[in-house]
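Report on the following structure.
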Amino acid sequence: MEKLRNGYLFPEIAMRELEHMKKYPTAKVISLGIGDTTEPIPDVVTSSMANHARRLSTVEGYRGYGAEQGNKALRKAIAETLYGDLPIKDTEIFVSDGSQCDISRLQLLLGSNVTIAVQDPTFPAYIDSSVIIGQTGDFQDETGKYQNIEYMPCRPQNNFFPDLTTTATTDVIFICSPNNPTGHAASRKQLEQLVEFARANGSIIIFDSAYAAYVTDDSPRSIFEIPGAREVAIEISSFSKFAGFTGVRLGWTVVPDELLFSNGFPVIKDFNRIVCTCFNGASSVAQAGGLACLSSDGLMAVQSVVDYYKENAKILGDTFTSLGLDVYGGINAPYAWVHFPGMKSWDVFTELLEKTHIITVPGCGFGPGGEEHIRVSAFGHRECILEASRRLKSLLS
Amino acid sequence: MFTVCCEAHTTKVSRNANMAKLQAGYLFPEIARRRSAHMLKYPDGQVISLGIGDTTEPIPEVITFGMAKKAHALSTLEGYSGYGAEQGEKQLRAAIASTYYGDLSLEESDIFVSDGAKSDISRLQVMFGSNVTMAVQDPSYPAYVDSSVILGQTGQFQKDVEKYRKIEYMKCNPENGFFPDLSTVSRTDIIFFCSPNNPTGNAATREQLTRLVQFAKDNGSILVYDSAYAMYISDDSPRSIFEIPGAKEVAIEVSSFSKYAGFTGVRLGWTVVPKELLYSDGFPVAKDFNRIVCTTFNGASNISQAGGLACLSPEGLEAMHKVVGFYQENTNIIMETFTSLGFSVYGGKNAPYVWVHFPGQSSWDVFSEILEKTHVVTTPGSGFGPAGDGFIRVSAFGHRGNVLEACKRFKQLYK
């Protein structure tokens with residue numbers, strides 16, 4: 001715990017937002033910082049959660065403890081609806097209360113004696129959970145990195161995908177695609193190289209596909225679209241950005257039967273033990289909501305909210321582009337990754353906040369590779385997004 | 001296209017040695033497995049489950065209404081909310097503080113809302129890390145020991161004594177009134193203590209807890225106090241460790257809505273970490289717990305939290321008391337049954353568990369015999385630790401009809 005730097009990134013941002021609001025009580029602060037969904041959850045989904053809650057007051061409808069791995073119908077629905085023609089079994093799906101929790105449960109599973117590689121920049125939870133579980137050395141101020149973690153730079157120059165020829169071997173490789181924060185969705189070719197790399201090195205890929213619903217082109221939505229991935233990868237995903245479930249809490253992890261430790265022991269058996277010992281299942285109400293999301297009406301409804309955010313991303317991306325800035329992401333993810341050459345990202349964050357009352361996230365919060373960049377999230381009411389665009393145009397033009 | 005290899009690919013990642021230390025599966029899925037196997041064998045058997053402590057009675061309407069209302073609100077512009085504070089919703093934290101800790105000077109900021117005690121126990125272990133030693137009651141709720149093994153705090157399991165090395169097991173049996181003889185307990189960094197106790201049902205007295213707090217103080221230990229069954233107390237045994245003076249400097253308290261509100265599937269609990277609790281270097285434990293909660297967790301479901309708030313309204317509290325009272329009546333029925341059959345019966349008075357003594361018998365054998373001959377699932381005491389052998393835990397959660405029927409069958413078997 002002592003090794004951790006300051007607080008976790010997003011509560012830091014929240015704190016700065018509060019301070020700013022105290023300083024400018026009449027300012028209309030627009031939050032494009034923490035990637036928090038803003039649009040109401042479709043009726044078809046919330047009605048089913050409300051019905052489930054009401055049924056808990058009846059003799060026939062009351063349910064106590066659920067299976068720790070999740071409700072069978074939901075596991076089946078995830079397998080069939082979201083993995084369709086991929087051979088993912090419902091028994092390989094573990095329903096959870098979200099990716100942030102799953103990441104830590106996976107770290108508990110792996111233990112302190114494994115080495116990890118992360119993209120740079122990256123969603124902070126992979127690193128922070130690694131530090132907490134004892135896989136890393138100390139933080140080095142000069143480099144902005146923890147010892148014993150392999151950081152894989154992801155830059156415009158390498159098309160935001162690690163150069164695997166220069167990446168050291170580690171036990172575990174965290175990859176997020178579509179990526180938070182850069183917004184880049186790895187291509188099929190890139191993922192084939194990754195799977196090949198993992199196979200050759202005996203590594204386990206932990207593939208975070210929380211933003212798969214935002215893919216617009218033909219980039220893979222699951223690591224399991226790649227042949228051979230079943231023997232090298234775990235996939236985590238979430239209803240948060242897919243269905244607005246950031247507060248409701250629901251996600252899942254896929255651990256294929258074929259994934260084995262070096263002694264041949266199936267990883268799924270140990271993950272099951274973790275889930276049964278350190279967890280007690282996702283809320284049955286949230287799971288009822290998840291099932292409704294995966295009905296044909298539900299899918300249509302949640303996808304239209306995803307499309308709404310995608311349109312937001314386009315508006316923001318276009319705004320920054322029109323101002324002559326290099327903008328990445330935004331097409332396959334709800335994040336725009338904007339380059340401010342030669343500037344420190346906390347300075348850009350502060351200037352944007354002071355002068356336009358817009359909250360963003362400084363790129364260095366995602367790792368040293370994020371310096372000079374700002375992450376702008378596309379979650380927000382349309383009018384806020386449009387207003388933010390106007391303010392940015394007046395400041396930066 | 002998926003190419004089938006003649007030899008399965010194994011990764012080069014070593015299995016976590018701590019996972020390998022665990023003996024078999026977690027206790028309750030094992031019980032569930034045996035139950036399912038039994039039901040397959042006897043499809044007409046009318047199995048009654050007094051094993052896993054799972055609530056059975058419907059949740060009072062005032063509470064589910066609160067949850068339904070929140071769910072509907074999430075479909076509106078004004079009512080939609082995204083990420084909540086990881087520590088829990090302010091209103092709920094305040095309600096927990098005032099309802100359960102009102103006169104104990106604990107505040108909203110000392111309360112961390114969670115998805116339940118089981119998850120909290122592991123998060124506390126992650127916070128403590130692998131270099132701490134721990135003590136548990138023997139018998140005890142298996143999650144304390146299992147999470148300790150997983151975190152790497154223990155040595156190997158010793159089959160002859162059925163204990164993990166490096167864990168201090170504090171025997172609790174009829175001879176010592178189910179309270180450890182602290183004069184024989186070695187010092188450890190962490191002490192897990194559950195009262196009212198799962199599985200023995202014993203509630204520690206004020207005097208005993210005062211000694212426990214003093215013991216923790218003298219040894220510089222942290223007490224993790226599990227009070228998940230506090231509402232089942234029927235006498236004046238303390239309901240919170242913080243009723244004991246000085247406890248704020250040595251204790252963390254874990255609790256849950258599971259057994260009060262039937263929230264076993266809804267998932268809601270809380271942990272109290274007082275500001276006064278400090279590590280050896282003076283660093284406040286609450287700061288580290290806050291960091292854990294912000295990094296490894298993302299808050300309890302907002303719908304569950306709305307349910308929790310409804311639980312703590314005056315109407316909700318009254319409703320919870322009624323349901324608890326129902327299970328307490330079940331407990332009385334079960335206690336009377338076994339007592340009338342001449343068994344030594346413990347617990348029951350302050351907890352929804354009855355701890356029945358079967359001297360000289362293996363508890364798994366008794367479990368199997370009861371299951372075979374009466375189709376009633378119980379839990380073998382040895383599943384909770386070696387000092388649990390010779391005992392059976394009978395849980396009092398069930399429809400009244402099932403509890404009465406189960407008792408009828410017990411009477412037939414043991415008359």
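Going through the structure tokens in order, the chains are called A, B, and so on, while each chain numbers its residues from 1 and the ligands are numbered from 1 in the order shown.
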
* **Who sits within 7 Å of Phe349 of chain A, only C-alpha atoms, same chain under 2 positions skipped, as a ChimeraX atom specification** => /A:345-347,351-353,360-362

Print the selection's residues with N, CA and C atoms to a file, as a compact mmCIF listing (two decimals), in the first residue's frame.
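Written output follows (result31.txt):
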# COMPACT_ATOMS: atom_id res chain seq x y z
N SER A 345 0.43 17.66 -19.39
CA SER A 345 -1.01 17.39 -19.42
C SER A 345 -1.76 17.97 -18.22
N TRP A 346 -1.18 18.00 -17.03
CA TRP A 346 -1.86 18.62 -15.90
C TRP A 346 -2.02 20.12 -16.13
N ASP A 347 -1.06 20.74 -16.84
CA ASP A 347 -1.19 22.16 -17.14
C ASP A 347 -2.33 22.40 -18.12
N GLU A 351 -5.63 24.52 -17.33
CA GLU A 351 -6.00 25.66 -18.17
C GLU A 351 -7.40 25.49 -18.75
N LEU A 352 -7.68 24.29 -19.25
CA LEU A 352 -9.01 24.02 -19.79
C LEU A 352 -10.07 24.22 -18.71
N LEU A 353 -9.78 23.74 -17.51
CA LEU A 353 -10.74 23.85 -16.42
C LEU A 353 -10.95 25.31 -16.03
N THR A 360 -11.53 17.50 -17.93
CA THR A 360 -11.05 16.43 -18.81
C THR A 360 -10.17 15.54 -17.93
N VAL A 361 -9.35 14.70 -18.52
CA VAL A 361 -8.40 13.93 -17.71
C VAL A 361 -7.01 14.10 -18.30
N PRO A 362 -6.04 14.51 -17.48
CA PRO A 362 -4.68 14.68 -17.99
C PRO A 362 -4.09 13.33 -18.37

Enumerate, in order of chain and increasing residue number, the residues of chain B with an atom no farther than 6 Å from chain A, each with its shortest atom pair and distance in Å to one decimal, counting only C-alpha atoms, as a tab-separated table.
residue	atom	partner	partner_atom	distance
B:Phe2	CA	A:Pro227	CA	5.3
B:Thr10	CA	A:Leu260	CA	5.1
B:Thr11	CA	A:Gly202	CA	4.1
B:Lys12	CA	A:Gly202	CA	4.4
B:Val13	CA	A:Ser262	CA	5.3
B:Ser14	CA	A:Ser262	CA	5.3
B:Arg15	CA	A:Phe261	CA	5.4
B:Asn16	CA	A:Gly111	CA	5.6
B:Asp54	CA	A:Gly64	CA	6.0
B:Thr55	CA	A:Gly64	CA	5.8
B:Pro58	CA	A:Ser57	CA	4.5
B:Ile59	CA	A:Ser57	CA	4.7
B:Pro60	CA	A:Ser57	CA	5.8
B:Glu61	CA	A:Ser57	CA	5.7
B:Thr64	CA	A:Ala53	CA	5.4
B:Ala68	CA	A:Ala50	CA	4.0
B:Ala71	CA	A:Thr46	CA	5.3
B:His72	CA	A:Thr46	CA	5.7
B:Leu74	CA	A:Pro40	CA	5.7
B:Ser75	CA	A:Pro40	CA	4.5
B:Thr76	CA	A:Pro40	CA	5.5
B:Leu77	CA	A:Pro40	CA	5.9
B:Tyr80	CA	A:Pro40	CA	5.4
B:Gly82	CA	A:Gly247	CA	4.7
B:Tyr83	CA	A:Gly247	CA	4.5
B:Gly84	CA	A:Gly247	CA	5.8
B:Lys118	CA	A:Phe279	CA	6.0
B:Ser119	CA	A:Phe279	CA	4.9
B:Ser122	CA	A:Cys278	CA	5.4
B:Thr264	CA	A:Tyr65	CA	4.9
B:Gly265	CA	A:Tyr65	CA	4.5
B:Val266	CA	A:Ser283	CA	4.6
B:Arg267	CA	A:Ser283	CA	5.4
B:Thr296	CA	A:Cys101	CA	5.2
B:Phe297	CA	A:Cys101	CA	5.0
B:Ser301	CA	A:Val248	CA	4.6
B:Asn302	CA	A:Val248	CA	5.4

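With atom CA of Thr271 of chain B on one side and atom CA of Gly53 of chain B on the other, the separation reads 20.8 Å.
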
* segment 21-203 of chain B: which residues are strand (DSSP E) by DSSP, as a PyMOL selection string? -> chain B and resi 48-49+111-114+134-138+157-158+163-164+167-171+190-194

* Check the smallest atom-to-atom distance from each of B:Ser183, B:Ser395, B:Asn332, B:Ser140 to Ser382 of chain B using only C-alpha atoms, then report the winner. =>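 Smallest distance to Ser382 of chain B is found for B:Ser140.
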
* Skip Leu74 of chain A itself and residues of its chain fewer than 4 positions away, then list as an NGL selection string all residues within 8 Å of it, counting only C-alpha atoms. => :A and (70 or 78 or 287-288 or 290-291)

* Asked: Running DSSP on the backbone, which parts of segment 59-238 of chain A land in alpha helix (DSSP H), as a ChimeraX atom specification?
  -> /A:72-77,99-110,124-133,188-201

* Asked: atom CA of Ile48 of chain B and atom CA of Val376 of chain B, how far apart in Å?
  ->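 Pair atom CA of Val376 of chain B / atom CA of Ile48 of chain B returns 4.8 Å.
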
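When only C-alpha atoms are used to compute distances to Cys407 of chain B, the closest of the residues B:His375, B:Lys166, B:Lys41, B:Lys159 turns out to be B:His375.
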
* To do: Return the single residue from B:Ile292, B:Ala20, B:Ala406, B:Cys172 that is closest to Phe338 of chain B, with distances computed using only C-alpha atoms.
  =>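 Distance minimum relative to Phe338 of chain B lands on B:Ala406.
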
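Proximity to Thr253 of chain A was assessed for A:Ile315, A:Leu106, A:His20, A:Pro334 counting only C-alpha atoms; the smallest distance is recorded for A:Leu106.
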